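Have a look at the structure below before the remarks.
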Amino acid sequence: MDQPKIERVLRLMKLMAGGINYTVEELADKLQTSPRSIYRYIETFKDAGFVVQKLEGGVYKLGKESRYFKEISQLIHFTDEEAHIVNQLIESLDNTNMLKQNLRRKLSSIYNCTSLADSVVKGKNATNVNALIEAINEHRQVVLQRYASSHTGVVRDRRVEPFGFTTNYVQVWCYDTEDGKTKLFNIARIGSVEVLEREWENEAHHEEVYLDVFRTSGNRLTAITLDLGLLSRNLLIEEYPLAERDLTPLGDGRWQLKTEVCNYAGIGRFVMGLLDDITIVDSPDFQNYIATKIEAGKLKLDRS
C-alpha cells in the first residue's frame with residue numbers, strides 16, 4: 001500500500017471511531033475516494049481483527065470492543081506545551097528538506113489537530129485519560145469512580161460532564177452535576193472512569209477557563225511584564241516551554257517576558273527563586289504580592 005493510501009486508511013479509522021456518524025458515501029466524499037474503496041478498506045479492517053458495526057441509515061462505525069481499539073487510542077496524546085517543543089524541532093529543519101513538509105502534512109492529515117506531542121500518558125492514568133477523551137469527544141457524562149477529594153478527605157463516586165484538560169493531563173475540567181459547578185478533578189485521584197450513555201445536559205454551563213504558561217488556571221487573565229537575565233530566561237524556557245512565545249530580546253543579555261497569568265501563584269514561585277536576576281516591570285499588584293510573600297517569609301524565620 002503506497003503512502004497516500006496509508007494516510008487515507010488512517011483518516012478513515014479516525015472518522016469511523018469518532019463521535020460523528022458517517023455513511024459510506026459521506027466517508028468517500030471526505031476522503032476524496034470512491035464508496036467502493038471505502039467498502040474495501042472496511043473489509044481490510046475486519047480481516048485485521050477490528051469489529052465494524054453497521055448502524056441504521058447505512059452508517060459504519062469502528063467498534064470500541066475491537067481488539068486493538070484501546071491500544072491504538074492509547075499510543076499518543078497531544079498537549080499545547082509538547083506541541084511547542086515538537087514544532088521547534090520541525091522548524092529547525094532546513095526549508096529545502098522534504099522531511100519538514102512531510103511531517104507537517106502527515107500529522108495534520110492523520111490527526112487533524114493543532115497540537116503535536118511525543119509523550120505517552122502511562123499506567124492507570126492512561127486508561128482513565130482515554131476514557132475521558134472518549135467522553136469529551138462524544139459529549140457524554142461519566143462517573144469518576146472512587147474519586148479521592150483532597151478538600152473533603154472523602155472517597156466517593158462523582159457524576160460529571162468532562163470537557164477539557166489542563167497541561168499534561170494532570171487535571172480534567174468537569175461540570176459537577178451534583179452541585180452545578182465547574183471544577184477541576186485531579187486525574188491521579190480517580191479510581192476509574194465509567195463512560196455513561198447519558199449525553200451532556202449542561203453544556204451551556206461549561207465555563208471557559210484559561211491556562212497560563214506557568215500552568216495555573218482561572219477565569220480571568222492579568223498582564224505581567226518581567227525583565228529577565230540570562231539565567232532566569234534559560235530556566236524559564238526549560239521549565240515552562242510555552243513562555244518562549246512571550247519573550248522578546250532586549251540586548252545585553254536581557255529578555256522581556258510580557259504575558260498574562262491566571263493568578264500569581266505559579267509566576268510567584270518562579271520569581272521568588274530568582275529575585276537577583278529578575279525585575280518586575282509595570283506590574284504593581286504583582287510587586288506587592290512578592291513583597292508580602294517576602295515579609296511573610298521573614299516573619300517565619302524570626303519565629304523559628
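Chain identifiers are assigned as A, B, and so on, following the order in which chains appear in the C-alpha cells; residues are numbered from 1 within each chain, and ligands are numbered from 1 in order of appearance.
Residues lying within 7 Å of range 16-31 of chain A, counting only C-alpha atoms and ignoring same-chain neighbours fewer than 4 positions away, are Arg8, Leu12, Pro35, Ile38, Gly58, Val59, Tyr60, Lys61, Leu62, Asn137 and Glu138 of chain A.
The list of residues with at least one atom within 10 Å of Thr177 in chain A, based on only C-alpha atoms and without residues fewer than 6 positions apart in the same chain, reads Gln141, Arg158, Arg159, Val160, Glu161, Trp200, Glu201 and Asn202 of chain A.
Minimum atom-to-atom distance to Thr225 in chain A, evaluated using only C-alpha atoms, belongs to A:Ser283 out of A:Asn186, A:Ser283, A:Gln171, A:Ser192.
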Atomic separation - CA of Asp276 in chain A relative to CA of Glu295 in chain A, Å: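 Calculated distance between CA of Glu295 in chain A and CA of Asp276 in chain A is 16.7 Å.
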field: Nearest to Leu196 in chain A, chosen from A:Ala131, A:Val143, A:Leu242, A:Leu15, with only C-alpha atoms counted in the distances
entry: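 Using only C-alpha atoms, the shortest distance to Leu196 in chain A belongs to A:Val143.
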task: Please provide the set of residues having any atom within 12 Å of range 286-289 of chain A, restricted to only C-alpha atoms, with same-chain residues fewer than 3 positions apart removed, written as a PyMOL selection string.
output: chain A and resi 222-226+260-261+263-269+271-272+275+278-283+292-296
Just to be explicit: take each residue in the selection above, keep C-alpha atoms, and write the result as a JSON list (two decimals), in the first residue's frame.
```
[["chain", "number", "residue", "atom", "x", "y", "z"],
["A", 222, "THR", "CA", -3.76, 39.57, 34.40],
["A", 223, "ALA", "CA", -0.96, 41.18, 32.38],
["A", 224, "ILE", "CA", 2.58, 40.78, 33.74],
["A", 225, "THR", "CA", 5.90, 42.16, 32.46],
["A", 226, "LEU", "CA", 9.29, 40.94, 33.68],
["A", 260, "GLU", "CA", -0.83, 37.04, 31.06],
["A", 261, "VAL", "CA", -1.36, 34.88, 34.13],
["A", 263, "ASN", "CA", -3.08, 34.11, 39.27],
["A", 264, "TYR", "CA", 0.23, 34.97, 40.92],
["A", 265, "ALA", "CA", 0.93, 31.55, 42.44],
["A", 266, "GLY", "CA", 2.83, 29.97, 39.54],
["A", 267, "ILE", "CA", 4.78, 33.00, 38.39],
["A", 268, "GLY", "CA", 5.36, 33.99, 42.02],
["A", 269, "ARG", "CA", 7.16, 30.72, 42.79],
["A", 271, "VAL", "CA", 10.26, 34.86, 40.56],
["A", 272, "MET", "CA", 10.87, 34.23, 44.26],
["A", 275, "LEU", "CA", 14.97, 37.67, 42.64],
["A", 278, "ILE", "CA", 14.50, 39.39, 37.58],
["A", 279, "THR", "CA", 12.98, 42.87, 37.58],
["A", 280, "ILE", "CA", 9.20, 43.29, 37.79],
["A", 281, "VAL", "CA", 8.10, 45.96, 35.27],
["A", 282, "ASP", "CA", 4.79, 47.89, 35.30],
["A", 283, "SER", "CA", 3.06, 45.29, 37.47],
["A", 292, "THR", "CA", 4.04, 40.32, 51.01],
["A", 293, "LYS", "CA", 5.48, 36.85, 50.42],
["A", 294, "ILE", "CA", 8.98, 38.04, 51.36],
["A", 295, "GLU", "CA", 7.71, 39.68, 54.54],
["A", 296, "ALA", "CA", 5.76, 36.55, 55.50]]
```
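Backbone DSSP over range 209-272 of chain A yields strand (DSSP E) at Tyr210, Leu211, Ser217, Gly218, Thr222, Ala223, Ile224, Thr225, Leu226, Asp227, Leu228, Leu247, Thr248, Pro249, Leu250, Gly251, Arg254, Trp255, Gln256, Leu257, Lys258, Thr259, Glu260 and Val261 of chain A.
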Can you list, as a short mmCIF file (atom, residue, chain, number, x, y, z; two decimals) with N, CA and C atoms, in the first residue's frame, every protein, DNA or RNA residue that comes within 7 Å of Arg254 in chain A when you count only C-alpha atoms, leaving out same-chain residues fewer than 6 positions away?
```
data_model
loop_
_atom_site.label_atom_id
_atom_site.label_comp_id
_atom_site.auth_asym_id
_atom_site.auth_seq_id
_atom_site.Cartn_x
_atom_site.Cartn_y
_atom_site.Cartn_z
N ASP A 227 11.57 41.69 33.42
CA ASP A 227 12.87 41.85 32.76
C ASP A 227 13.76 40.73 33.30
N LEU A 228 14.21 39.84 32.39
CA LEU A 228 14.95 38.66 32.81
C LEU A 228 16.40 38.69 32.37
N GLY A 229 17.27 38.15 33.23
CA GLY A 229 18.65 37.95 32.84
C GLY A 229 18.79 36.60 32.15
N LEU A 230 20.02 36.28 31.77
CA LEU A 230 20.27 35.04 31.04
C LEU A 230 19.86 33.81 31.85
#
```
query: Expressed in Å to a single decimal, how great is the separation between CA of Pro162 in chain A and CA of His139 in chain A?
result: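 These atoms are spaced 8.1 Å apart.
Of note, CA of Glu199 in chain A and CA of Val155 in chain A are spaced 24.9 Å apart.
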